[in-house]
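Student: Next comes the structure file final.cif, holding mmCIF, C-alpha atoms and all ligand atoms.
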```cif
data_coords
loop_
_atom_site.label_atom_id
_atom_site.label_comp_id
_atom_site.auth_asym_id
_atom_site.auth_seq_id
_atom_site.Cartn_x
_atom_site.Cartn_y
_atom_site.Cartn_z
CA MET A 12 0.00 0.00 0.00
CA LYS A 13 2.76 2.39 1.02
CA LYS A 14 4.68 1.47 -2.13
CA LEU A 15 1.61 2.10 -4.26
CA LEU A 16 1.11 5.49 -2.62
CA ALA A 17 4.74 6.37 -3.25
CA MET A 18 4.43 5.38 -6.92
CA LEU A 19 1.26 7.41 -7.30
CA LEU A 20 2.90 10.47 -5.78
CA VAL A 21 5.91 10.14 -8.05
CA LEU A 22 3.57 9.85 -11.03
CA THR A 23 1.54 12.91 -9.98
CA MET A 24 4.74 14.87 -9.55
CA THR A 25 6.15 13.81 -12.87
CA LEU A 26 2.90 14.85 -14.51
CA SER A 27 2.85 18.19 -12.75
CA LEU A 28 6.49 18.80 -13.70
CA VAL A 29 5.63 18.07 -17.32
CA ALA A 30 2.59 20.35 -17.05
CA CYS A 31 4.70 23.11 -15.57
CA GLY A 32 7.23 22.73 -18.37
CA THR A 33 4.55 23.39 -20.96
CA GLN A 34 3.18 26.49 -19.25
CA THR A 35 6.25 28.61 -19.61
CA ALA A 36 4.26 31.48 -21.11
CA ASP A 37 2.60 32.02 -17.74
CA GLN A 38 5.84 32.18 -15.86
CA PRO A 39 7.76 35.39 -15.30
CA LYS A 40 10.61 35.66 -17.76
CA GLU A 41 13.84 37.47 -17.41
CA PRO A 42 13.82 40.48 -19.75
CA GLU A 43 16.19 40.02 -22.68
CA THR A 44 18.33 42.94 -21.64
CA THR A 45 19.25 41.26 -18.40
CA GLY A 46 21.13 38.44 -20.08
CA SER A 47 20.42 34.87 -19.19
CA GLU A 48 21.78 32.37 -16.77
CA SER A 49 22.35 28.84 -17.80
CA THR A 50 19.27 26.84 -16.93
CA ALA A 51 19.95 23.70 -14.99
CA PRO A 52 18.57 20.50 -16.43
CA SER A 53 14.96 20.13 -15.36
CA GLU A 54 14.84 17.95 -12.32
CA GLU A 55 12.92 14.72 -12.41
CA PRO A 56 12.07 12.88 -9.24
CA SER A 57 15.08 10.58 -9.00
CA SER A 58 14.58 6.94 -9.90
CA SER A 59 16.05 5.88 -6.57
CA ASN A 60 13.34 5.07 -4.07
CA THR A 61 14.92 6.51 -0.98
CA VAL A 62 15.93 10.00 -0.04
CA ASP A 63 17.78 10.93 3.16
CA VAL A 64 17.81 14.67 2.61
CA GLY A 65 15.03 16.36 0.62
CA ILE A 66 15.65 19.86 -0.70
CA VAL A 67 12.79 22.05 -1.89
CA LEU A 68 13.62 25.38 -3.58
CA PRO A 69 11.14 28.13 -4.57
CA THR A 70 11.53 28.67 -8.32
CA LYS A 71 13.76 28.20 -11.33
CA ASP A 72 12.71 31.59 -12.67
CA GLU A 73 15.30 33.41 -10.56
CA PRO A 74 18.97 32.61 -11.20
CA ARG A 75 19.57 32.81 -7.46
CA TRP A 76 17.86 29.47 -6.83
CA ILE A 77 19.48 27.71 -9.77
CA GLN A 78 22.75 28.81 -8.21
CA ASP A 79 21.71 27.19 -4.94
CA GLU A 80 20.80 23.94 -6.71
CA THR A 81 24.21 23.78 -8.40
CA ARG A 82 26.00 24.49 -5.14
CA PHE A 83 23.94 21.85 -3.31
CA LYS A 84 24.82 19.27 -5.92
CA ASP A 85 28.52 20.21 -5.68
CA ALA A 86 28.50 20.01 -1.88
CA LEU A 87 26.63 16.73 -1.73
CA ARG A 88 29.08 14.80 -3.83
CA SER A 89 31.24 14.47 -0.72
CA THR A 90 28.56 12.87 1.48
CA ASP A 91 27.21 9.31 1.40
CA TYR A 92 23.62 10.40 1.83
CA SER A 93 21.00 10.32 -0.91
CA VAL A 94 19.53 13.66 -1.83
CA GLU A 95 16.84 15.00 -4.10
CA VAL A 96 16.23 18.64 -5.09
CA LEU A 97 12.74 19.74 -6.22
CA PHE A 98 11.47 23.16 -7.29
CA SER A 99 8.08 24.63 -6.36
CA GLN A 100 7.80 27.12 -9.23
CA GLY A 101 6.26 29.84 -7.08
CA ASP A 102 3.33 27.64 -6.07
CA SER A 103 2.70 26.70 -2.45
CA ALA A 104 0.47 23.74 -3.44
CA LYS A 105 3.25 22.32 -5.58
CA GLU A 106 5.70 22.95 -2.74
CA LYS A 107 3.56 20.81 -0.44
CA GLN A 108 3.28 18.08 -3.09
CA ASN A 109 7.07 18.11 -3.39
CA VAL A 110 7.43 17.67 0.36
CA GLU A 111 4.87 14.82 0.34
CA ALA A 112 6.69 13.08 -2.50
CA LEU A 113 9.92 13.28 -0.52
CA ILE A 114 8.19 11.98 2.62
CA ALA A 115 6.96 9.02 0.59
CA LYS A 116 10.58 8.32 -0.29
CA GLY A 117 11.58 8.15 3.36
CA MET A 118 13.19 11.59 3.71
CA LYS A 119 14.65 12.15 7.18
CA VAL A 120 15.72 15.79 6.89
CA LEU A 121 13.96 18.46 4.85
CA ILE A 122 15.81 21.59 3.73
CA ILE A 123 13.16 23.97 2.44
CA CYS A 124 13.23 27.50 1.08
CA ALA A 125 9.61 28.58 1.20
CA HIS A 126 7.88 30.27 -1.70
CA ASP A 127 5.47 31.84 0.79
CA GLY A 128 6.60 31.87 4.41
CA ALA A 129 3.12 31.49 5.89
CA ALA A 130 1.70 29.00 3.38
CA ALA A 131 4.74 26.74 3.76
CA ALA A 132 3.72 25.99 7.36
CA ALA A 133 1.40 23.25 6.05
CA ALA A 134 4.25 21.56 4.18
CA ALA A 135 6.53 21.80 7.21
CA GLU A 136 3.80 20.34 9.44
CA ALA A 137 3.26 17.43 7.03
CA ALA A 138 6.97 16.63 7.22
CA LYS A 139 7.16 17.04 10.98
CA ALA A 140 4.19 14.70 11.45
CA GLU A 141 6.28 11.99 9.77
CA GLY A 142 9.24 12.58 12.09
CA VAL A 143 11.24 14.59 9.54
CA THR A 144 13.57 17.31 10.88
CA VAL A 145 12.72 20.57 9.12
CA ILE A 146 15.42 23.11 8.25
CA ALA A 147 14.15 26.44 6.86
CA TYR A 148 16.68 27.48 4.25
CA ASP A 149 17.27 31.22 3.61
CA ARG A 150 13.59 32.11 4.20
CA LEU A 151 11.92 31.55 7.56
CA ILE A 152 8.63 29.63 7.71
CA ASN A 153 6.18 31.57 9.87
CA GLY A 154 3.32 30.72 12.20
CA THR A 155 4.16 27.09 13.03
CA GLU A 156 6.06 24.99 15.55
CA ALA A 157 7.12 22.63 12.78
CA VAL A 158 10.47 24.32 12.00
CA ASP A 159 13.48 22.91 13.80
CA TYR A 160 16.26 25.08 12.45
CA TYR A 161 16.88 28.09 10.22
CA VAL A 162 19.99 28.48 8.07
CA THR A 163 20.25 32.03 6.81
CA PHE A 164 22.30 35.04 5.83
CA ASP A 165 22.09 38.06 8.09
CA SER A 166 19.16 39.63 6.25
CA ILE A 167 18.96 42.83 8.30
CA ALA A 168 22.65 43.36 7.47
CA VAL A 169 21.78 42.89 3.78
CA GLY A 170 19.29 45.78 3.95
CA GLU A 171 21.66 47.91 6.00
CA ALA A 172 24.44 47.39 3.46
CA MET A 173 22.11 48.56 0.69
CA GLY A 174 20.99 51.62 2.65
CA GLN A 175 24.58 52.47 3.59
CA TYR A 176 25.74 52.23 -0.01
CA LEU A 177 23.14 54.79 -1.07
CA ALA A 178 23.75 57.05 1.95
CA ASP A 179 27.52 57.09 1.36
CA ARG A 180 27.04 58.37 -2.18
CA ALA A 181 24.48 61.11 -1.55
CA GLU A 182 25.78 64.66 -1.21
CA GLY A 183 23.85 67.71 -0.06
CA LYS A 184 20.10 67.73 0.41
CA GLY A 185 17.04 66.75 -1.58
CA ASN A 186 18.39 63.69 -3.40
CA PRO A 187 15.52 61.81 -5.08
CA LEU A 188 15.04 58.35 -3.55
CA TYR A 189 13.00 55.55 -5.11
CA LEU A 190 12.20 52.57 -2.88
CA TYR A 191 11.44 49.03 -4.05
CA ALA A 192 10.90 45.89 -1.99
CA GLY A 193 10.61 42.13 -2.33
CA ALA A 194 7.50 39.97 -2.06
CA ALA A 195 5.35 40.53 1.02
CA SER A 196 4.90 36.74 1.28
CA ASP A 197 8.66 36.42 1.91
CA ASN A 198 9.71 37.16 5.48
CA ASN A 199 13.10 38.27 4.17
CA ALA A 200 11.52 41.16 2.27
CA PHE A 201 10.65 42.67 5.67
CA LEU A 202 14.13 42.06 7.10
CA PHE A 203 15.81 43.62 4.04
CA PHE A 204 13.49 46.61 4.22
CA GLU A 205 13.96 46.98 7.97
CA GLY A 206 17.75 47.02 7.51
CA ALA A 207 17.58 49.59 4.72
CA TRP A 208 15.18 51.77 6.72
CA ASN A 209 17.54 51.70 9.72
CA VAL A 210 20.13 53.52 7.64
CA LEU A 211 17.96 55.54 5.24
CA GLN A 212 15.38 56.92 7.65
CA PRO A 213 17.77 59.30 9.47
CA LYS A 214 18.96 60.50 6.07
CA ILE A 215 15.37 61.07 4.98
CA ALA A 216 14.58 62.87 8.23
CA ASP A 217 17.58 65.21 7.79
CA GLY A 218 16.64 66.02 4.19
CA THR A 219 19.49 64.19 2.42
CA PHE A 220 16.94 62.02 0.62
CA VAL A 221 13.41 62.76 -0.52
CA ILE A 222 11.18 59.74 -1.17
CA LYS A 223 9.58 60.03 -4.61
CA ASN A 224 7.51 56.91 -5.12
CA SER A 225 5.67 55.90 -1.96
CA SER A 226 3.07 57.99 -0.13
CA GLU A 227 3.04 55.35 2.65
CA ALA A 228 6.78 55.72 3.17
CA VAL A 229 6.45 59.52 3.17
CA ALA A 230 3.71 59.27 5.81
CA LEU A 231 6.04 57.20 8.02
CA GLN A 232 9.30 58.97 7.26
CA ASN A 233 9.74 60.43 10.73
CA LYS A 234 9.53 57.03 12.45
CA ALA A 235 12.93 55.49 13.12
CA THR A 236 11.50 52.04 13.78
CA LEU A 237 8.55 50.64 11.90
CA THR A 238 6.17 47.93 13.03
CA ARG A 239 5.59 44.97 10.73
CA ASP A 240 2.21 46.43 9.78
CA GLU A 241 3.77 49.76 8.91
CA MET A 242 6.40 48.06 6.77
CA ALA A 243 3.64 46.02 5.13
CA LYS A 244 1.95 49.27 4.07
CA ILE A 245 5.09 50.51 2.34
CA ILE A 246 5.98 47.11 0.89
CA GLY A 247 2.41 46.81 -0.39
CA GLN A 248 3.01 49.95 -2.45
CA VAL A 249 6.52 49.30 -3.73
CA THR A 250 6.70 45.51 -3.94
CA THR A 251 8.30 43.90 -6.97
CA ASN A 252 7.09 40.47 -5.89
CA TRP A 253 10.64 39.44 -6.81
CA ASP A 254 9.43 39.62 -10.40
CA PHE A 255 11.48 41.40 -13.11
CA ASN A 256 8.42 42.44 -15.08
CA GLU A 257 6.53 43.75 -12.09
CA ALA A 258 9.63 45.73 -11.12
CA LYS A 259 9.90 47.20 -14.62
CA ASN A 260 6.21 48.11 -14.78
CA LYS A 261 6.35 49.79 -11.38
CA ALA A 262 9.47 51.74 -12.25
CA GLU A 263 7.90 52.88 -15.52
CA ALA A 264 4.74 54.01 -13.72
CA HIS A 265 6.80 55.89 -11.11
CA LEU A 266 8.86 57.67 -13.74
CA THR A 267 5.77 58.59 -15.71
CA ALA A 268 4.20 60.08 -12.60
CA ALA A 269 7.38 61.91 -11.52
CA LYS A 270 8.18 65.43 -12.64
CA LYS A 271 11.52 66.29 -14.23
CA ALA A 272 12.62 67.84 -10.93
CA ASP A 273 12.06 64.47 -9.19
CA LYS A 274 14.63 62.83 -11.45
CA GLY A 275 18.18 64.03 -12.21
CA ASP A 276 20.71 62.19 -10.02
CA VAL A 277 18.62 59.51 -8.37
CA PHE A 278 19.09 56.86 -5.70
CA ILE A 279 17.27 53.55 -5.94
CA LEU A 280 16.80 50.88 -3.31
CA ALA A 281 16.29 47.72 -5.39
CA PRO A 282 15.80 44.55 -3.33
CA ASN A 283 17.67 41.99 -5.44
CA ASP A 284 19.66 41.62 -8.64
CA GLY A 285 16.89 40.53 -11.00
CA THR A 286 14.70 43.48 -10.10
CA ALA A 287 17.72 45.81 -9.97
CA ARG A 288 18.56 45.05 -13.60
CA SER A 289 15.08 45.75 -14.88
CA ILE A 290 14.65 48.87 -12.72
CA ALA A 291 18.12 50.10 -13.78
CA ASP A 292 17.27 49.59 -17.47
CA THR A 293 14.04 51.55 -17.00
CA PHE A 294 15.74 54.47 -15.25
CA ALA A 295 18.62 54.46 -17.76
CA ALA A 296 16.09 54.85 -20.58
CA ASP A 297 14.55 58.01 -19.07
CA PRO A 298 16.19 61.12 -20.57
CA ASP A 299 15.50 63.11 -17.39
CA VAL A 300 17.54 60.71 -15.26
CA THR A 301 21.12 62.01 -15.35
CA SER A 302 22.66 59.34 -13.13
CA TYR A 303 21.52 56.64 -10.78
CA VAL A 304 22.92 54.65 -7.88
CA ILE A 305 21.11 51.34 -7.51
CA THR A 306 21.46 48.47 -5.05
CA GLY A 307 21.08 44.75 -5.63
CA GLN A 308 21.53 41.40 -3.95
CA ASP A 309 22.71 37.87 -4.76
CA ALA A 310 25.68 38.46 -7.08
CA GLU A 311 23.83 36.86 -9.96
CA LYS A 312 26.08 36.46 -12.99
CA ALA A 313 24.02 38.87 -15.11
CA SER A 314 24.34 41.50 -12.38
CA VAL A 315 28.05 40.94 -12.00
CA GLN A 316 28.29 41.81 -15.70
CA TYR A 317 26.05 44.85 -15.09
CA ILE A 318 28.39 45.98 -12.31
CA ILE A 319 31.45 45.55 -14.54
CA ASP A 320 29.63 47.55 -17.23
CA GLY A 321 28.58 50.29 -14.78
CA LYS A 322 24.86 49.58 -15.17
CA GLN A 323 24.25 48.35 -11.60
CA SER A 324 26.11 50.01 -8.72
CA MET A 325 26.44 47.21 -6.19
CA THR A 326 25.22 43.83 -5.10
CA VAL A 327 25.17 42.18 -1.72
CA PHE A 328 27.12 38.97 -2.21
CA LYS A 329 25.65 36.10 -0.28
CA ASP A 330 28.13 33.26 -0.62
CA VAL A 331 25.73 30.44 -1.36
CA ARG A 332 28.55 27.93 -0.85
CA THR A 333 28.62 28.81 2.85
CA LEU A 334 24.86 28.63 3.24
CA VAL A 335 24.71 25.32 1.39
CA ASN A 336 27.56 23.88 3.48
CA ASP A 337 25.89 25.05 6.68
CA ALA A 338 22.63 23.40 5.65
CA ILE A 339 24.31 20.16 4.59
CA ASN A 340 26.48 20.00 7.71
CA MET A 341 23.39 20.55 9.80
CA ALA A 342 21.52 17.78 7.95
CA VAL A 343 24.44 15.35 8.31
CA THR A 344 24.77 16.15 12.03
CA ILE A 345 21.05 15.45 12.48
CA LEU A 346 21.29 12.20 10.48
CA LYS A 347 24.09 11.11 12.83
CA GLY A 348 21.78 11.74 15.78
CA GLU A 349 23.76 14.74 17.05
CA THR A 350 22.69 18.32 17.79
CA PRO A 351 23.75 20.94 15.23
CA GLU A 352 25.52 24.12 16.20
CA THR A 353 23.51 27.36 16.02
CA THR A 354 24.39 31.02 16.47
CA GLY A 355 21.08 32.63 17.43
CA ALA A 356 17.32 32.45 16.99
CA TYR A 357 14.53 34.05 14.95
CA ASN A 358 10.95 34.30 16.15
CA ASN A 359 8.47 33.06 13.57
CA GLY A 360 5.39 34.34 15.37
CA VAL A 361 4.96 31.10 17.34
CA ILE A 362 8.39 29.89 18.42
CA ASP A 363 12.02 30.97 18.46
CA VAL A 364 13.66 28.99 15.70
CA LYS A 365 17.33 28.19 16.35
CA ALA A 366 19.39 29.69 13.56
CA LYS A 367 22.82 29.55 11.97
CA GLN A 368 23.65 32.92 10.42
CA THR A 369 26.16 33.86 7.74
CA ASP A 370 27.65 37.27 6.94
CA VAL A 371 27.36 39.08 3.63
CA ILE A 372 29.82 41.12 1.53
CA VAL A 373 29.19 44.31 -0.42
CA VAL A 374 30.45 44.06 -3.99
CA ASP A 375 30.80 46.90 -6.47
CA LYS A 376 33.12 47.76 -9.33
CA THR A 377 36.05 48.26 -6.97
CA ASN A 378 36.14 44.72 -5.57
CA VAL A 379 34.12 42.64 -8.02
CA LYS A 380 37.22 40.83 -9.26
CA SER A 381 38.71 40.00 -5.87
CA ALA A 382 35.39 39.06 -4.23
CA LEU A 383 33.84 36.99 -6.99
CA ILE A 384 36.51 35.87 -9.43
CA ASP A 385 39.77 35.59 -7.47
CA SER A 386 37.82 33.90 -4.67
CA GLY A 387 36.85 31.14 -7.11
CA TYR A 388 33.12 31.85 -6.93
CA TYR A 389 32.79 32.45 -10.67
CA PRO A 390 35.29 31.82 -13.47
CA ALA A 391 36.61 34.96 -15.21
CA SER A 392 35.57 33.44 -18.55
CA GLU A 393 31.91 34.08 -17.67
CA PHE A 394 32.39 37.86 -18.01
CA THR A 395 33.65 40.45 -20.42
CA GLY A 396 35.53 43.65 -19.63
CA LEU A 397 37.17 42.44 -16.41
CA ASN A 398 40.55 44.03 -15.73
C1 LIG A 401 15.03 36.23 -0.81
C2 LIG A 401 16.44 35.79 -0.83
C3 LIG A 401 17.22 36.64 -1.75
C4 LIG A 401 16.56 36.89 -3.08
C5 LIG A 401 15.07 36.95 -3.01
C6 LIG A 401 14.41 36.76 -4.35
O1 LIG A 401 14.30 35.53 0.09
O2 LIG A 401 16.99 35.83 0.44
O3 LIG A 401 18.50 36.14 -1.85
O4 LIG A 401 16.98 36.01 -4.03
O5 LIG A 401 14.51 36.10 -2.09
O6 LIG A 401 14.16 35.46 -4.64
#
```
Would you mind giving the structure from this file in structure tokens?
Tutor:
Amino acid sequence: MKKLLAMLLVLTMTLSLVACGTQTADQPKEPETTGSESTAPSEEPSSSNTVDVGIVLPTKDEPRWIQDETRFKDALRSTDYSVEVLFSQGDSAKEKQNVEALIAKGMKVLIICAHDGAAAAAAAEAAKAEGVTVIAYDRLINGTEAVDYYVTFDSIAVGEAMGQYLADRAEGKGNPLYLYAGAASDNNAFLFFEGAWNVLQPKIADGTFVIKNSSEAVALQNKATLTRDEMAKIIGQVTTNWDFNEAKNKAEAHLTAAKKADKGDVFILAPNDGTARSIADTFAADPDVTSYVITGQDAEKASVQYIIDGKQSMTVFKDVRTLVNDAINMAVTILKGETPETTGAYNNGVIDVKAKQTDVIVVDKTNVKSALIDSGYYPASEFTGLN
């Protein structure tokens, strides 16, 4: 019976993977101008019937997560455990199906990066009910007791690094500031925004920056610390949903609404690399924008090229190798029956989830070569114009 159920689940998943492959027109695409990352081979549920460590990632439509898959595969070659990586394609129902398929294969540890931090609670609970240890990877799962550990970058520091980069480059008063945020369903979007606000708010209050694209942010600009609800109001207005096209459409609408005097030398808080590239392209195309400083995050290859070319100012480099190794080491420790090492905790609304945190590095034109090429993260042959 159990075997039959497992076979049925594998079949359902294979079918849904095939279905998802044929619906590409509905999926967000990277604009042509942003260049393209190599797409990893589409994952099939592995033919092996057992899985020790199941890994569920949010989407293949952002190079960031393809990068994680590659790094996981590299890291896992050195362990004896069987592993399977599945993608949820921005769909919480599919995410839960993926988790169920892995449970049916006997998964003992789940490493999951939620598409939607609240909706993923159901998937985590399904795993927990079967005795699986649940590790939230990069994004916290909220509102449930069913998360054992959280492996993450320091996301407040990510936002602070972005804010600081903008603040360090603004001279005088009245610099136009355009704010963009990630998806409200992603807990990280709040942490990134909180970090950026920590640095930008005093500079808005003292007149260095003037917010040009969010009435909610303007209404709250004198508050040094925002509640989650207050942040949700701003994020609701300036969210990109982590989607290149949504980012582009919003930026276009903001520039259409803005007067010439609201442009000139502008400062843009963009929440990650994919959205940074499409927002940067949109601002670059506006004749009234004389110059722009724009943030980013993830050190995606296409953005590294943008930085070399002077089209994106910076990125926050999150060394996925470290995060992947932390997650794998944690999984292996758990499989051996030992307790993994943690460095702190994050409250998910219900419990404090023990966490292992990793630092981030700011990368711009001045250190792109040393941080990303000389460190062995990317080969120089992937880029043009590197000196
Ligand atoms: C976040 C993640 C970032 C970024 C973003 C868009 O949760 O921490 O690295 O990639 O999602 O997917």
Student: Show me the residues close to (30.9, 47.7, 0.7) - anything with an atom within 8 Å, counting only C-alpha atoms - and format the list as a PyMOL selection string.
Tutor: chain A and resi 172+176+372-375
Student: List the residues sitting within 10 Å of (24.6, 55.7, -4.2) in the file's frame, using all atoms listed in the file, as a list of chain:residue names.
Tutor: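 Counting all atoms listed in the file, I find these residues within 10 Å of (24.6, 55.7, -4.2): A:Met173, A:Gly174, A:Gln175, A:Tyr176, A:Leu177, A:Ala178, A:Asp179, A:Arg180, A:Ala181, A:Glu182, A:Leu188, A:Asp276, A:Val277, A:Phe278, A:Ile279, A:Leu280, A:Ser302, A:Tyr303, A:Val304, A:Ile305, A:Thr306, A:Ser324, A:Met325.
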Student: Filtering to C-alpha atoms, could you give me those residues as a PDB file, keeping the file's coordinate frame?
Tutor:
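The resulting file, again.pdb, is reproduced below:
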```
ATOM      1  CA  MET A 173      22.110  48.560   0.690  1.00  0.00           C
ATOM      2  CA  GLY A 174      20.990  51.620   2.650  1.00  0.00           C
ATOM      3  CA  GLN A 175      24.580  52.470   3.590  1.00  0.00           C
ATOM      4  CA  TYR A 176      25.740  52.230  -0.010  1.00  0.00           C
ATOM      5  CA  LEU A 177      23.140  54.790  -1.070  1.00  0.00           C
ATOM      6  CA  ALA A 178      23.750  57.050   1.950  1.00  0.00           C
ATOM      7  CA  ASP A 179      27.520  57.090   1.360  1.00  0.00           C
ATOM      8  CA  ARG A 180      27.040  58.370  -2.180  1.00  0.00           C
ATOM      9  CA  ALA A 181      24.480  61.110  -1.550  1.00  0.00           C
ATOM     10  CA  GLU A 182      25.780  64.660  -1.210  1.00  0.00           C
ATOM     11  CA  LEU A 188      15.040  58.350  -3.550  1.00  0.00           C
ATOM     12  CA  ASP A 276      20.710  62.190 -10.020  1.00  0.00           C
ATOM     13  CA  VAL A 277      18.620  59.510  -8.370  1.00  0.00           C
ATOM     14  CA  PHE A 278      19.090  56.860  -5.700  1.00  0.00           C
ATOM     15  CA  ILE A 279      17.270  53.550  -5.940  1.00  0.00           C
ATOM     16  CA  LEU A 280      16.800  50.880  -3.310  1.00  0.00           C
ATOM     17  CA  SER A 302      22.660  59.340 -13.130  1.00  0.00           C
ATOM     18  CA  TYR A 303      21.520  56.640 -10.780  1.00  0.00           C
ATOM     19  CA  VAL A 304      22.920  54.650  -7.880  1.00  0.00           C
ATOM     20  CA  ILE A 305      21.110  51.340  -7.510  1.00  0.00           C
ATOM     21  CA  THR A 306      21.460  48.470  -5.050  1.00  0.00           C
ATOM     22  CA  SER A 324      26.110  50.010  -8.720  1.00  0.00           C
ATOM     23  CA  MET A 325      26.440  47.210  -6.190  1.00  0.00           C
TER      24      MET A 325
END
```
Student: Would you compute the distance between CA of Thr353 in chain A and CA of Lys365 in chain A? Give it in Å to one decimal.
Tutor: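 CA of Lys365 in chain A lies 6.2 Å from CA of Thr353 in chain A.
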Student: Which residue gives the smallest distance to Met242 in chain A among A:Ala291, A:Ala228, A:Ile122, A:Ala129, with all atoms listed in the file counted?
Tutor: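 Nearest to Met242 in chain A: A:Ala228.
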Student: Name the residues, by chain letter and number, that sit within 8 Å of ligand LIG 401 (chain A) using all atoms listed in the file, and give them as a list in words.
Tutor: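 Written in the requested form, the residues are Pro69, Glu73, Arg75, Trp76, Asp149, Arg150, Phe164, Ser166, Gly193, Ala194, Asp197, Asn198, Asn199, Ala200, Trp253, Pro282, Asn283, Asp284, Gln308, Asp309 and Lys329 of chain A.
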Student: Write out as a list in words the residues lying within 10 Å of Arg239 in chain A, counting all atoms listed in the file and excluding same-chain residues fewer than 3 positions away.
Tutor: Phe201, Leu202, Glu205, Thr236, Met242, Ala243 and Lys244 of chain A
Student: Could you jot down the CA of Glu257 in chain A to CA of Lys223 in chain A separation for me, Å, one decimal place?
Tutor: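 Separation between CA of Glu257 in chain A and CA of Lys223 in chain A: 18.2 Å.
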Student: Using all atoms listed in the file, what does the table of range 275-375 of chain A residues within 8 Å of range 261-264 of chain A look like, with each row giving the shortest atom pair and its distance in Å to one decimal, sorted by chain and ascending number, as JSON lines?
Tutor:
```
{"residue": "A:Ile290", "atom": "CA", "partner": "A:Ala262", "partner_atom": "CA", "distance": 5.9}
{"residue": "A:Thr293", "atom": "CA", "partner": "A:Glu263", "partner_atom": "CA", "distance": 6.5}
{"residue": "A:Phe294", "atom": "CA", "partner": "A:Ala262", "partner_atom": "CA", "distance": 7.5}
```
Student: Skipping near chain neighbours, those fewer than 3 positions away, what residues fall within 6 Å of Asp165 in chain A using all atoms listed in the file, listed as a PDB file with C-alpha atoms, in the coordinates of the input?
Tutor:
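Output contents, as saved in out_29.pdb:
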```pdb
ATOM      1  CA  ALA A 168      22.650  43.360   7.470  1.00  0.00           C
ATOM      2  CA  GLN A 368      23.650  32.920  10.420  1.00  0.00           C
ATOM      3  CA  THR A 369      26.160  33.860   7.740  1.00  0.00           C
ATOM      4  CA  ASP A 370      27.650  37.270   6.940  1.00  0.00           C
TER       5      ASP A 370
END
```
Student: Identify which of the residues A:Val361, A:Ala115, A:Thr377, A:Ala366 lies closest to Gly154 in chain A, counting all atoms listed in the file when measuring atom-to-atom distances.
Tutor: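 Checking each candidate against Gly154 in chain A, we get A:Val361 as the closest.
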Student: Using all atoms listed in the file, which residue out of A:Asn359, A:Asn398, A:Thr350, A:Ser226 lies closest to Ala147 in chain A?
Tutor: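 Looking at the shortest contact to Ala147 in chain A, the residue is A:Asn359.
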